[in-house]
>>> print(open('target-v7.pdb').read())   # PDB, C-alpha atoms and all ligand atoms
ATOM      1  CA  MET A 196     253.345 100.065  13.860
ATOM      2  CA  ASP A 197     253.339 103.843  14.221
ATOM      3  CA  ASN A 198     254.668 105.761  17.181
ATOM      4  CA  GLU A 199     256.928 102.996  18.443
ATOM      5  CA  TYR A 200     259.942 105.157  19.276
ATOM      6  CA  SER A 201     262.129 102.339  17.879
ATOM      7  CA  ASN A 202     265.167 104.507  17.080
ATOM      8  CA  ILE A 203     264.929 106.948  19.965
ATOM      9  CA  ALA A 204     263.767 104.783  22.898
ATOM     10  CA  LYS A 205     267.222 104.724  24.516
ATOM     11  CA  LEU A 206     267.292 108.542  24.531
ATOM     12  CA  TYR A 207     263.653 109.090  25.513
ATOM     13  CA  ASP A 208     264.443 109.629  29.220
ATOM     14  CA  ALA A 209     266.928 112.423  28.454
ATOM     15  CA  ASP A 210     264.026 114.892  28.233
ATOM     16  CA  ASN A 211     264.490 117.474  30.989
ATOM     17  CA  ARG A 212     261.432 119.669  30.391
ATOM     18  CA  ALA A 213     258.919 120.325  33.188
ATOM     19  CA  VAL A 214     256.244 118.388  31.302
ATOM     20  CA  PHE A 215     258.433 115.303  31.678
ATOM     21  CA  SER A 216     258.629 115.356  35.470
ATOM     22  CA  ALA A 217     255.665 117.320  36.837
ATOM     23  CA  ASP A 218     253.226 114.445  36.355
ATOM     24  CA  ILE A 219     255.173 111.802  38.336
ATOM     25  CA  ASP A 220     254.245 113.192  41.736
ATOM     26  CA  PHE A 221     250.643 113.678  40.630
ATOM     27  CA  TYR A 222     250.216 109.974  39.763
ATOM     28  CA  LEU A 223     252.225 108.912  42.802
ATOM     29  CA  LYS A 224     249.885 110.744  45.182
ATOM     30  CA  ARG A 225     246.747 109.460  43.449
ATOM     31  CA  ALA A 226     247.914 105.844  43.350
ATOM     32  CA  GLY A 227     249.071 106.034  46.981
ATOM     33  CA  ARG A 228     245.738 107.452  48.137
ATOM     34  CA  LEU A 229     243.641 104.922  46.222
ATOM     35  CA  GLY A 230     245.752 101.907  47.226
ATOM     36  CA  GLY A 231     245.451  98.665  45.294
ATOM     37  CA  LYS A 232     246.547  97.752  41.817
ATOM     38  CA  THR A 233     247.458 100.343  39.200
ATOM     39  CA  LEU A 234     247.563  99.971  35.423
ATOM     40  CA  GLU A 235     249.565 102.380  33.279
ATOM     41  CA  LEU A 236     248.637 102.196  29.612
ATOM     42  CA  ALA A 237     251.465 103.059  27.183
ATOM     43  CA  CYS A 238     253.992 102.905  30.024
ATOM     44  CA  GLY A 239     256.992 103.357  27.697
ATOM     45  CA  THR A 240     260.314 103.327  29.522
ATOM     46  CA  GLY A 241     258.630 103.238  32.934
ATOM     47  CA  ARG A 242     259.306 106.938  33.536
ATOM     48  CA  ILE A 243     256.248 106.981  35.848
ATOM     49  CA  ALA A 244     255.737 103.263  36.591
ATOM     50  CA  ILE A 245     259.204 102.804  38.125
ATOM     51  CA  PRO A 246     258.886 105.610  40.725
ATOM     52  CA  LEU A 247     255.455 104.199  41.633
ATOM     53  CA  VAL A 248     256.720 100.670  42.328
ATOM     54  CA  GLU A 249     259.660 102.147  44.234
ATOM     55  CA  LYS A 250     257.088 103.714  46.577
ATOM     56  CA  GLY A 251     255.358 100.378  47.161
ATOM     57  CA  ILE A 252     252.571 100.574  44.552
ATOM     58  CA  PRO A 253     251.873  97.441  42.472
ATOM     59  CA  VAL A 254     251.914  98.492  38.801
ATOM     60  CA  TRP A 255     250.990  96.708  35.576
ATOM     61  CA  GLY A 256     252.471  98.545  32.586
ATOM     62  CA  LEU A 257     251.341  97.889  29.018
ATOM     63  CA  ASP A 258     253.046  99.167  25.872
ATOM     64  CA  TYR A 259     253.318  97.929  22.302
ATOM     65  CA  SER A 260     256.880  99.101  21.734
ATOM     66  CA  SER A 261     259.463  96.452  22.553
ATOM     67  CA  SER A 262     262.166  99.146  22.256
ATOM     68  CA  MET A 263     260.535 101.211  25.012
ATOM     69  CA  LEU A 264     259.900  98.126  27.167
ATOM     70  CA  ASP A 265     263.557  97.095  26.767
ATOM     71  CA  VAL A 266     264.563 100.363  28.449
ATOM     72  CA  MET A 267     262.001  99.761  31.198
ATOM     73  CA  ASN A 268     263.298  96.220  31.734
ATOM     74  CA  GLU A 269     266.844  97.546  32.185
ATOM     75  CA  LYS A 270     265.495  99.784  34.974
ATOM     76  CA  ILE A 271     263.588  96.856  36.500
ATOM     77  CA  ASP A 272     266.834  94.860  36.673
ATOM     78  CA  ARG A 273     268.256  97.582  38.933
ATOM     79  CA  LEU A 274     265.282  97.568  41.358
ATOM     80  CA  SER A 275     265.226  95.779  44.713
ATOM     81  CA  ALA A 276     263.794  92.242  44.651
ATOM     82  CA  ASP A 277     260.700  93.545  46.475
ATOM     83  CA  ALA A 278     260.042  96.268  43.924
ATOM     84  CA  GLN A 279     260.657  93.820  41.069
ATOM     85  CA  ARG A 280     257.794  91.684  42.386
ATOM     86  CA  ARG A 281     255.448  94.685  42.221
ATOM     87  CA  ILE A 282     256.014  95.545  38.543
ATOM     88  CA  HIS A 283     254.412  93.721  35.633
ATOM     89  CA  PRO A 284     255.552  94.923  32.199
ATOM     90  CA  MET A 285     253.424  93.681  29.303
ATOM     91  CA  LEU A 286     253.720  93.947  25.549
ATOM     92  CA  GLY A 287     250.297  94.850  24.198
ATOM     93  CA  ASP A 288     248.029  97.299  22.454
ATOM     94  CA  LEU A 289     246.014  99.764  24.516
ATOM     95  CA  THR A 290     243.114  99.554  22.081
ATOM     96  CA  SER A 291     242.613  95.816  22.635
ATOM     97  CA  PHE A 292     243.794  94.250  25.872
ATOM     98  CA  SER A 293     242.298  91.713  28.189
ATOM     99  CA  LEU A 294     243.857  91.034  31.587
ATOM    100  CA  SER A 295     242.694  88.884  34.454
ATOM    101  CA  GLU A 296     243.238  91.751  36.962
ATOM    102  CA  ARG A 297     240.925  94.648  37.892
ATOM    103  CA  PHE A 298     242.465  97.985  38.896
ATOM    104  CA  LYS A 299     241.887 100.763  41.419
ATOM    105  CA  LEU A 300     243.684 103.223  39.153
ATOM    106  CA  ILE A 301     244.150 103.153  35.390
ATOM    107  CA  PHE A 302     245.971 106.020  33.720
ATOM    108  CA  ILE A 303     247.125 106.998  30.240
ATOM    109  CA  PRO A 304     249.680 109.720  30.893
ATOM    110  CA  PHE A 305     251.721 112.077  28.770
ATOM    111  CA  ARG A 306     249.373 112.304  25.799
ATOM    112  CA  SER A 307     249.741 108.648  24.840
ATOM    113  CA  PHE A 308     245.999 108.436  24.105
ATOM    114  CA  GLN A 309     246.782 110.737  21.172
ATOM    115  CA  ALA A 310     248.759 107.943  19.516
ATOM    116  CA  ILE A 311     245.381 106.355  18.710
ATOM    117  CA  GLU A 312     244.448 107.098  15.113
ATOM    118  CA  SER A 313     240.642 107.105  15.016
ATOM    119  CA  ASP A 314     237.529 107.594  17.162
ATOM    120  CA  GLU A 315     236.741 103.931  16.702
ATOM    121  CA  GLN A 316     240.063 102.861  18.243
ATOM    122  CA  ALA A 317     239.718 105.508  20.964
ATOM    123  CA  LEU A 318     236.339 104.046  21.932
ATOM    124  CA  GLN A 319     237.806 100.515  21.897
ATOM    125  CA  CYS A 320     240.553 101.668  24.257
ATOM    126  CA  LEU A 321     238.087 103.370  26.624
ATOM    127  CA  SER A 322     235.878 100.303  26.624
ATOM    128  CA  CYS A 323     238.876  98.147  27.644
ATOM    129  CA  VAL A 324     239.657 100.662  30.397
ATOM    130  CA  TYR A 325     236.065 100.530  31.632
ATOM    131  CA  ARG A 326     236.103  96.731  31.828
ATOM    132  CA  HIS A 327     239.388  96.659  33.767
ATOM    133  CA  LEU A 328     238.503  99.405  36.261
ATOM    134  CA  GLU A 329     237.087  98.529  39.673
ATOM    135  CA  ASP A 330     233.643 100.068  40.241
ATOM    136  CA  GLU A 331     235.033 102.659  42.670
ATOM    137  CA  GLY A 332     238.289 103.085  40.758
ATOM    138  CA  GLN A 333     239.703 106.150  39.006
ATOM    139  CA  PHE A 334     240.717 106.567  35.384
ATOM    140  CA  ILE A 335     243.047 109.475  34.549
ATOM    141  CA  ILE A 336     243.681 110.621  31.022
ATOM    142  CA  ASN A 337     245.889 113.452  29.714
ATOM    143  CA  VAL A 338     245.880 115.015  26.264
ATOM    144  CA  PHE A 339     247.397 118.320  25.244
ATOM    145  CA  LYS A 340     245.244 121.329  24.661
ATOM    146  CA  PRO A 341     245.466 122.729  21.117
ATOM    147  CA  ARG A 342     246.276 126.440  21.522
ATOM    148  CA  LYS A 343     243.889 127.335  18.679
ATOM    149  CA  GLU A 344     242.390 125.717  15.569
ATOM    150  CA  ILE A 345     245.151 123.708  13.886
ATOM    151  CA  GLY A 346     246.236 125.292  10.593
ATOM    152  CA  GLU A 347     249.268 126.534   8.659
ATOM    153  CA  TRP A 348     250.591 128.275  11.778
ATOM    154  CA  TRP A 349     251.315 124.856  13.314
ATOM    155  CA  LEU A 350     253.847 123.827  10.638
ATOM    156  CA  SER A 351     257.547 124.525  11.100
ATOM    157  CA  SER A 352     259.895 125.125   8.204
ATOM    158  CA  SER A 353     263.072 124.405  10.175
ATOM    159  CA  GLU A 354     264.204 122.426  13.223
ATOM    160  CA  ARG A 355     263.299 123.743  16.679
ATOM    161  CA  LEU A 356     265.350 122.849  19.755
ATOM    162  CA  ASP A 357     263.087 121.055  22.278
ATOM    163  CA  PHE A 358     265.720 120.406  24.922
ATOM    164  CA  GLU A 359     269.383 119.890  25.649
ATOM    165  CA  SER A 360     270.571 117.649  28.470
ATOM    166  CA  PHE A 361     273.268 115.169  29.505
ATOM    167  CA  LEU A 362     273.258 111.379  29.570
ATOM    168  CA  GLU A 363     274.546 109.426  32.582
ATOM    169  CA  ASN A 364     277.922 108.967  30.833
ATOM    170  CA  GLY A 365     278.264 112.751  30.422
ATOM    171  CA  ASP A 366     277.486 112.886  26.684
ATOM    172  CA  ARG A 367     275.466 115.928  25.663
ATOM    173  CA  VAL A 368     272.155 115.195  23.932
ATOM    174  CA  THR A 369     269.785 117.489  22.043
ATOM    175  CA  ARG A 370     266.351 116.932  20.572
ATOM    176  CA  HIS A 371     265.053 118.997  17.676
ATOM    177  CA  SER A 372     261.623 118.693  16.116
ATOM    178  CA  ILE A 373     259.965 119.638  12.875
ATOM    179  CA  GLN A 374     256.190 119.925  12.783
ATOM    180  CA  ARG A 375     255.967 118.472   9.303
ATOM    181  CA  ALA A 376     252.303 117.974   8.372
ATOM    182  CA  TYR A 377     248.739 117.911   9.626
ATOM    183  CA  ASP A 378     245.486 116.358   8.500
ATOM    184  CA  LEU A 379     242.455 118.432   9.404
ATOM    185  CA  GLU A 380     239.956 115.744   8.446
ATOM    186  CA  LYS A 381     241.514 113.010  10.588
ATOM    187  CA  ARG A 382     242.838 115.514  13.150
ATOM    188  CA  LEU A 383     246.370 114.171  12.965
ATOM    189  CA  LEU A 384     249.692 115.944  13.543
ATOM    190  CA  TYR A 385     252.972 114.605  12.158
ATOM    191  CA  THR A 386     256.222 115.553  13.894
ATOM    192  CA  ASP A 387     259.804 114.420  13.193
ATOM    193  CA  TYR A 388     262.188 114.146  16.140
ATOM    194  CA  THR A 389     265.967 114.188  15.762
ATOM    195  CA  TYR A 390     268.164 113.347  18.734
ATOM    196  CA  ARG A 391     271.883 114.114  18.499
ATOM    197  CA  VAL A 392     274.406 112.693  20.926
ATOM    198  CA  TYR A 393     277.693 114.601  21.158
ATOM    199  CA  LYS A 394     280.345 112.077  22.190
ATOM    200  CA  SER A 395     283.365 113.115  24.222
ATOM    201  CA  GLY A 396     285.650 112.228  21.267
ATOM    202  CA  GLY A 397     283.886 114.808  19.096
ATOM    203  CA  GLN A 398     281.676 112.411  17.064
ATOM    204  CA  VAL A 399     277.971 113.161  16.750
ATOM    205  CA  GLU A 400     275.413 110.342  16.517
ATOM    206  CA  GLN A 401     271.966 111.024  15.146
ATOM    207  CA  PHE A 402     268.669 109.159  15.787
ATOM    208  CA  ARG A 403     265.341 109.935  14.144
ATOM    209  CA  ASP A 404     261.704 108.907  14.551
ATOM    210  CA  SER A 405     258.422 110.306  13.310
ATOM    211  CA  ILE A 406     255.459 110.562  15.608
ATOM    212  CA  ARG A 407     251.814 110.893  14.635
ATOM    213  CA  LEU A 408     249.462 112.368  17.228
ATOM    214  CA  ARG A 409     245.738 112.891  17.069
ATOM    215  CA  TYR A 410     244.602 116.199  18.540
ATOM    216  CA  PHE A 411     241.433 116.612  20.537
ATOM    217  CA  TYR A 412     239.429 119.742  21.133
ATOM    218  CA  GLU A 413     237.777 119.953  24.519
ATOM    219  CA  ASP A 414     234.330 118.794  23.366
ATOM    220  CA  ASP A 415     235.792 115.783  21.496
ATOM    221  CA  ILE A 416     237.474 114.310  24.515
ATOM    222  CA  ARG A 417     234.559 115.015  26.839
ATOM    223  CA  GLN A 418     232.166 113.302  24.414
ATOM    224  CA  LEU A 419     234.402 110.237  24.029
ATOM    225  CA  LEU A 420     234.610 109.841  27.805
ATOM    226  CA  ALA A 421     230.846 110.259  28.288
ATOM    227  CA  ALA A 422     230.070 107.839  25.436
ATOM    228  CA  SER A 423     232.303 105.265  27.149
ATOM    229  CA  GLY A 424     230.453 105.450  30.464
ATOM    230  CA  PHE A 425     232.817 107.779  32.363
ATOM    231  CA  THR A 426     231.974 110.818  34.463
ATOM    232  CA  ILE A 427     234.634 113.492  34.867
ATOM    233  CA  LYS A 428     235.093 114.000  38.627
ATOM    234  CA  GLU A 429     238.038 116.417  38.546
ATOM    235  CA  GLU A 430     239.687 118.348  35.741
ATOM    236  CA  TYR A 431     242.949 120.239  35.610
ATOM    237  CA  GLY A 432     245.078 122.242  33.210
ATOM    238  CA  TRP A 433     248.347 121.271  34.912
ATOM    239  CA  TYR A 434     249.597 118.801  37.515
ATOM    240  CA  ASP A 435     249.646 121.318  40.373
ATOM    241  CA  GLY A 436     245.868 121.678  40.302
ATOM    242  CA  THR A 437     245.711 124.624  37.875
ATOM    243  CA  PRO A 438     242.077 124.920  36.669
ATOM    244  CA  VAL A 439     241.424 123.205  33.343
ATOM    245  CA  HIS A 440     240.828 126.400  31.404
ATOM    246  CA  GLU A 441     244.066 128.013  32.568
ATOM    247  CA  GLY A 442     246.725 125.355  31.905
ATOM    248  CA  ASN A 443     248.253 123.871  28.727
ATOM    249  CA  GLU A 444     246.936 120.343  29.245
ATOM    250  CA  PHE A 445     243.670 118.518  29.703
ATOM    251  CA  ILE A 446     243.923 116.212  32.719
ATOM    252  CA  PHE A 447     240.650 114.442  33.461
ATOM    253  CA  VAL A 448     240.115 112.298  36.545
ATOM    254  CA  CYS A 449     237.150 110.031  35.799
ATOM    255  CA  GLY A 450     235.013 107.475  37.504
ATOM    256  CA  LYS A 451     232.389 105.061  36.247
ATOM    257  CA  ALA A 452     229.121 106.931  35.615
TER     258      ALA A 452
HETATM  259  C1  LIG A 501     254.948 109.640  24.854
HETATM  260  S1  LIG A 501     255.324 107.957  25.205
HETATM  261  C2  LIG A 501     254.764 107.889  26.879
HETATM  262  C3  LIG A 501     255.479 106.857  27.699
HETATM  263  C4  LIG A 501     255.229 106.934  29.186
HETATM  264  N1  LIG A 501     253.849 106.713  29.552
HETATM  265  C5  LIG A 501     255.647 108.301  29.728
HETATM  266  O1  LIG A 501     254.777 109.007  30.234
HETATM  267  O2  LIG A 501     256.820 108.650  29.652
HETATM  268  C6  LIG A 501     254.052 107.150  24.305
HETATM  269  C7  LIG A 501     254.068 105.639  24.436
HETATM  270  O3  LIG A 501     252.859 105.142  23.864
HETATM  271  C8  LIG A 501     253.133 103.869  23.320
HETATM  272  N2  LIG A 501     252.022 103.518  22.426
HETATM  273  C9  LIG A 501     251.565 104.219  21.362
HETATM  274  N3  LIG A 501     250.507 103.620  20.823
HETATM  275  C10 LIG A 501     250.266 102.496  21.573
HETATM  276  C11 LIG A 501     249.299 101.448  21.515
HETATM  277  N4  LIG A 501     248.347 101.432  20.574
HETATM  278  N5  LIG A 501     249.345 100.490  22.452
HETATM  279  C12 LIG A 501     250.322 100.495  23.409
HETATM  280  N6  LIG A 501     251.266 101.442  23.506
HETATM  281  C13 LIG A 501     251.237 102.446  22.606
HETATM  282  C14 LIG A 501     254.482 104.072  22.652
HETATM  283  O4  LIG A 501     255.121 102.846  22.380
HETATM  284  C15 LIG A 501     255.199 104.939  23.705
HETATM  285  O5  LIG A 501     255.902 104.121  24.601
END
>>> encode(input="target-v7.pdb", output="structure tokens")
Amino acid sequence: MDNEYSNIAKLYDADNRAVFSADIDFYLKRAGRLGGKTLELACGTGRIAIPLVEKGIPVWGLDYSSSMLDVMNEKIDRLSADAQRRIHPMLGDLTSFSLSERFKLIFIPFRSFQAIESDEQALQCLSCVYRHLEDEGQFIINVFKPRKEIGEWWLSSSERLDFESFLENGDRVTRHSIQRAYDLEKRLLYTDYTYRVYKSGGQVEQFRDSIRLRYFYEDDIRQLLAASGFTIKEEYGWYDGTPVHEGNEFIFVCGKA
């Protein structure tokens, strides 16, 4: 499967950019206000799900990467017994899932919807979301906003440093990326990530994965949501409430139409 983060899952949480933390509080407040059960699709390492269960919110988290879920399960082992009862990690595909629960809040954070390769799969995913959402529930989806029409400008010829941070054991870690290719017809972007861990003894370990993301222009994502029976109730460009046309992201808070 694509986009599984198999080689880099253990280093995924080392990201220290604002985009990696600003959304946690946003989902925490929403889930707290709505009350009831929450479903995070493509929950990964539990970067968001774990803080939610720590605050008392019952969370079901679905992801198809066993490497990412392994990291989440290590975090679950360290939770209190109470919090452990509130979290339900599940191995599964966000384009075809069927659960016995219905949810007050369903969210697909941090651009994970862009891992879906085609409109057909996107519609399948949104139809699953619709079926699992309570009638008065909220569905929140985030995709990044392309700065302008994708073209040659998007490609990079050499590595770019995304971030540098430190692991719990003190080892320094860096992530570099290369924007390697794009497909205008299928609207796909291919990026290679290289993580390097600088050990205290001087050795450097290297881990690589390639990620394929679909990009959405504003009309595309609005049309997909409308075609799936959702109405956009709120829309933002960043997690602090920045208006949608001013921020770098599309964050749509939807309800059933
Ligand atoms: C960028 S990570 C986001 C993880 C987490 N939600 C977060 O915000 O940190 C994307 C996640 O999407 C998952 N993923 C991609 N395609 C998927 C699919 N079709 N079904 C389930 N999970 C998927 C990957 O395994 C990965 O864990």
>>> closest_residue(input="target-v7.pdb", among="A:Phe361, A:Phe305, A:Trp255, A:Tyr222", to="ligand LIG 501 (chain A)", atoms="only C-alpha atoms and all ligand atoms")
A:Phe305
>>> residues_around(input="target-v7.pdb", residues="A:Asp378", least_positions_apart="4", cutoff="10 Å", atoms="all atoms listed in the file", output="PyMOL selection string")
chain A and resi 345-346+382-385+409
>>> resolve_selection(input="target-v7.pdb", expression="the PyMOL selection byres (((chain A and resi 376) around 12) and not hetatm)", output="list in words")
Ile345, Gly346, Glu347, Trp348, Trp349, Leu350, Ser351, Ser352, Ile373, Gln374, Arg375, Tyr377, Asp378, Leu379, Arg382, Leu383, Leu384, Tyr385, Thr386, Asp387, Ser405, Ile406, Arg407 and Leu408 of chain A
>>> write_last_selection(input="target-v7.pdb", atoms="C-alpha atoms", output="PDB file, keeping the file's coordinate frame")
ATOM      1  CA  ILE A 345     245.151 123.708  13.886  1.00  0.00           C
ATOM      2  CA  GLY A 346     246.236 125.292  10.593  1.00  0.00           C
ATOM      3  CA  GLU A 347     249.268 126.534   8.659  1.00  0.00           C
ATOM      4  CA  TRP A 348     250.591 128.275  11.778  1.00  0.00           C
ATOM      5  CA  TRP A 349     251.315 124.856  13.314  1.00  0.00           C
ATOM      6  CA  LEU A 350     253.847 123.827  10.638  1.00  0.00           C
ATOM      7  CA  SER A 351     257.547 124.525  11.100  1.00  0.00           C
ATOM      8  CA  SER A 352     259.895 125.125   8.204  1.00  0.00           C
ATOM      9  CA  ILE A 373     259.965 119.638  12.875  1.00  0.00           C
ATOM     10  CA  GLN A 374     256.190 119.925  12.783  1.00  0.00           C
ATOM     11  CA  ARG A 375     255.967 118.472   9.303  1.00  0.00           C
ATOM     12  CA  TYR A 377     248.739 117.911   9.626  1.00  0.00           C
ATOM     13  CA  ASP A 378     245.486 116.358   8.500  1.00  0.00           C
ATOM     14  CA  LEU A 379     242.455 118.432   9.404  1.00  0.00           C
ATOM     15  CA  ARG A 382     242.838 115.514  13.150  1.00  0.00           C
ATOM     16  CA  LEU A 383     246.370 114.171  12.965  1.00  0.00           C
ATOM     17  CA  LEU A 384     249.692 115.944  13.543  1.00  0.00           C
ATOM     18  CA  TYR A 385     252.972 114.605  12.158  1.00  0.00           C
ATOM     19  CA  THR A 386     256.222 115.553  13.894  1.00  0.00           C
ATOM     20  CA  ASP A 387     259.804 114.420  13.193  1.00  0.00           C
ATOM     21  CA  SER A 405     258.422 110.306  13.310  1.00  0.00           C
ATOM     22  CA  ILE A 406     255.459 110.562  15.608  1.00  0.00           C
ATOM     23  CA  ARG A 407     251.814 110.893  14.635  1.00  0.00           C
ATOM     24  CA  LEU A 408     249.462 112.368  17.228  1.00  0.00           C
TER      25      LEU A 408
END
>>> closest_residue(input="target-v7.pdb", among="A:Ala244, A:Ile301, A:Met285, A:Ile416", to="A:Asp220", atoms="all atoms listed in the file")
A:Ala244
>>> residues_around(input="target-v7.pdb", residues="stretch 435-439 of chain A", least_positions_apart="5", cutoff="12 Å", atoms="only C-alpha atoms", output="MDAnalysis selection string")
chainID A and resid 213:214 216:222 224 337:340 413 427 429:430 444:448
>>> residues_near_ligand(input="target-v7.pdb", ligand="ligand LIG 501 (chain A)", cutoff="9 Å", atoms="only C-alpha atoms and all ligand atoms", output="PyMOL selection string")
chain A and resi 196-201+204+207-208+215+218-219+235-244+256-264+286-291+302-312+316+320
>>> write_last_selection(input="target-v7.pdb", atoms="C-alpha atoms", output="PDB file, keeping the file's coordinate frame")
ATOM      1  CA  MET A 196     253.345 100.065  13.860  1.00  0.00           C
ATOM      2  CA  ASP A 197     253.339 103.843  14.221  1.00  0.00           C
ATOM      3  CA  ASN A 198     254.668 105.761  17.181  1.00  0.00           C
ATOM      4  CA  GLU A 199     256.928 102.996  18.443  1.00  0.00           C
ATOM      5  CA  TYR A 200     259.942 105.157  19.276  1.00  0.00           C
ATOM      6  CA  SER A 201     262.129 102.339  17.879  1.00  0.00           C
ATOM      7  CA  ALA A 204     263.767 104.783  22.898  1.00  0.00           C
ATOM      8  CA  TYR A 207     263.653 109.090  25.513  1.00  0.00           C
ATOM      9  CA  ASP A 208     264.443 109.629  29.220  1.00  0.00           C
ATOM     10  CA  PHE A 215     258.433 115.303  31.678  1.00  0.00           C
ATOM     11  CA  ASP A 218     253.226 114.445  36.355  1.00  0.00           C
ATOM     12  CA  ILE A 219     255.173 111.802  38.336  1.00  0.00           C
ATOM     13  CA  GLU A 235     249.565 102.380  33.279  1.00  0.00           C
ATOM     14  CA  LEU A 236     248.637 102.196  29.612  1.00  0.00           C
ATOM     15  CA  ALA A 237     251.465 103.059  27.183  1.00  0.00           C
ATOM     16  CA  CYS A 238     253.992 102.905  30.024  1.00  0.00           C
ATOM     17  CA  GLY A 239     256.992 103.357  27.697  1.00  0.00           C
ATOM     18  CA  THR A 240     260.314 103.327  29.522  1.00  0.00           C
ATOM     19  CA  GLY A 241     258.630 103.238  32.934  1.00  0.00           C
ATOM     20  CA  ARG A 242     259.306 106.938  33.536  1.00  0.00           C
ATOM     21  CA  ILE A 243     256.248 106.981  35.848  1.00  0.00           C
ATOM     22  CA  ALA A 244     255.737 103.263  36.591  1.00  0.00           C
ATOM     23  CA  GLY A 256     252.471  98.545  32.586  1.00  0.00           C
ATOM     24  CA  LEU A 257     251.341  97.889  29.018  1.00  0.00           C
ATOM     25  CA  ASP A 258     253.046  99.167  25.872  1.00  0.00           C
ATOM     26  CA  TYR A 259     253.318  97.929  22.302  1.00  0.00           C
ATOM     27  CA  SER A 260     256.880  99.101  21.734  1.00  0.00           C
ATOM     28  CA  SER A 261     259.463  96.452  22.553  1.00  0.00           C
ATOM     29  CA  SER A 262     262.166  99.146  22.256  1.00  0.00           C
ATOM     30  CA  MET A 263     260.535 101.211  25.012  1.00  0.00           C
ATOM     31  CA  LEU A 264     259.900  98.126  27.167  1.00  0.00           C
ATOM     32  CA  LEU A 286     253.720  93.947  25.549  1.00  0.00           C
ATOM     33  CA  GLY A 287     250.297  94.850  24.198  1.00  0.00           C
ATOM     34  CA  ASP A 288     248.029  97.299  22.454  1.00  0.00           C
ATOM     35  CA  LEU A 289     246.014  99.764  24.516  1.00  0.00           C
ATOM     36  CA  THR A 290     243.114  99.554  22.081  1.00  0.00           C
ATOM     37  CA  SER A 291     242.613  95.816  22.635  1.00  0.00           C
ATOM     38  CA  PHE A 302     245.971 106.020  33.720  1.00  0.00           C
ATOM     39  CA  ILE A 303     247.125 106.998  30.240  1.00  0.00           C
ATOM     40  CA  PRO A 304     249.680 109.720  30.893  1.00  0.00           C
ATOM     41  CA  PHE A 305     251.721 112.077  28.770  1.00  0.00           C
ATOM     42  CA  ARG A 306     249.373 112.304  25.799  1.00  0.00           C
ATOM     43  CA  SER A 307     249.741 108.648  24.840  1.00  0.00           C
ATOM     44  CA  PHE A 308     245.999 108.436  24.105  1.00  0.00           C
ATOM     45  CA  GLN A 309     246.782 110.737  21.172  1.00  0.00           C
ATOM     46  CA  ALA A 310     248.759 107.943  19.516  1.00  0.00           C
ATOM     47  CA  ILE A 311     245.381 106.355  18.710  1.00  0.00           C
ATOM     48  CA  GLU A 312     244.448 107.098  15.113  1.00  0.00           C
ATOM     49  CA  GLN A 316     240.063 102.861  18.243  1.00  0.00           C
ATOM     50  CA  CYS A 320     240.553 101.668  24.257  1.00  0.00           C
TER      51      CYS A 320
END
>>> atom_distance(input="target-v7.pdb", atom1="atom CA of A:Glu331", atom2="atom CA of A:Gly450")
7.1 Å
>>> axis_aligned_box(input="target-v7.pdb", around="stretch 358-363 of chain A", padding_each_side="4 Å", output="AutoDock Vina command-line options")
--center_x 270.1 --center_y 114.9 --center_z 28.8 --size_x 16.8 --size_y 19.0 --size_z 15.7
>>> residues_around(input="target-v7.pdb", residues="A:Leu419", least_positions_apart="5", cutoff="12 Å", atoms="all atoms listed in the file", output="JSON, numbers by chain")
{"A": [308, 313, 314, 315, 316, 317, 318, 319, 320, 321, 322, 336, 411, 412, 413, 414, 424, 425, 426, 427]}
>>> closest_residue(input="target-v7.pdb", among="A:Arg225, A:Arg370, A:Arg355, A:Lys299", to="A:Gly332", atoms="all atoms listed in the file")
A:Lys299
>>> resolve_selection(input="target-v7.pdb", expression="the PyMOL selection byres (((chain A and resi 297) around 8) and not hetatm)", output="NGL selection string")
:A and (232 or 294-296 or 298-299 or 327-329)
>>> atom_distance(input="target-v7.pdb", atom1="atom CA of A:Asp272", atom2="atom CA of A:Gly230")
24.6 Å
>>> resolve_selection(input="target-v7.pdb", expression="the PyMOL selection byres (((chain A and resi 389) around 8) and not hetatm)", output="PDB file with C-alpha atoms, in the frame of the given file")
ATOM      1  CA  ARG A 370     266.351 116.932  20.572  1.00  0.00           C
ATOM      2  CA  HIS A 371     265.053 118.997  17.676  1.00  0.00           C
ATOM      3  CA  SER A 372     261.623 118.693  16.116  1.00  0.00           C
ATOM      4  CA  ASP A 387     259.804 114.420  13.193  1.00  0.00           C
ATOM      5  CA  TYR A 388     262.188 114.146  16.140  1.00  0.00           C
ATOM      6  CA  TYR A 390     268.164 113.347  18.734  1.00  0.00           C
ATOM      7  CA  ARG A 391     271.883 114.114  18.499  1.00  0.00           C
ATOM      8  CA  GLN A 401     271.966 111.024  15.146  1.00  0.00           C
ATOM      9  CA  PHE A 402     268.669 109.159  15.787  1.00  0.00           C
ATOM     10  CA  ARG A 403     265.341 109.935  14.144  1.00  0.00           C
ATOM     11  CA  ASP A 404     261.704 108.907  14.551  1.00  0.00           C
TER      12      ASP A 404
END
>>> closest_residue(input="target-v7.pdb", among="A:Asp330, A:Glu344, A:Asp415, A:Asp366", to="A:Lys394", atoms="all atoms listed in the file")
A:Asp366
>>> residues_around(input="target-v7.pdb", residues="A:Asp277", least_positions_apart="2", cutoff="12 Å", atoms="all atoms listed in the file", output="PyMOL selection string")
chain A and resi 248-253+271-275+279-282
>>> write_last_selection(input="target-v7.pdb", atoms="C-alpha atoms", output="compact mmCIF listing (two decimals), in the frame of the given file")
# COMPACT_ATOMS: atom_id res chain seq x y z
CA VAL A 248 256.72 100.67 42.33
CA GLU A 249 259.66 102.15 44.23
CA LYS A 250 257.09 103.71 46.58
CA GLY A 251 255.36 100.38 47.16
CA ILE A 252 252.57 100.57 44.55
CA PRO A 253 251.87 97.44 42.47
CA ILE A 271 263.59 96.86 36.50
CA ASP A 272 266.83 94.86 36.67
CA ARG A 273 268.26 97.58 38.93
CA LEU A 274 265.28 97.57 41.36
CA SER A 275 265.23 95.78 44.71
CA GLN A 279 260.66 93.82 41.07
CA ARG A 280 257.79 91.68 42.39
CA ARG A 281 255.45 94.68 42.22
CA ILE A 282 256.01 95.54 38.54
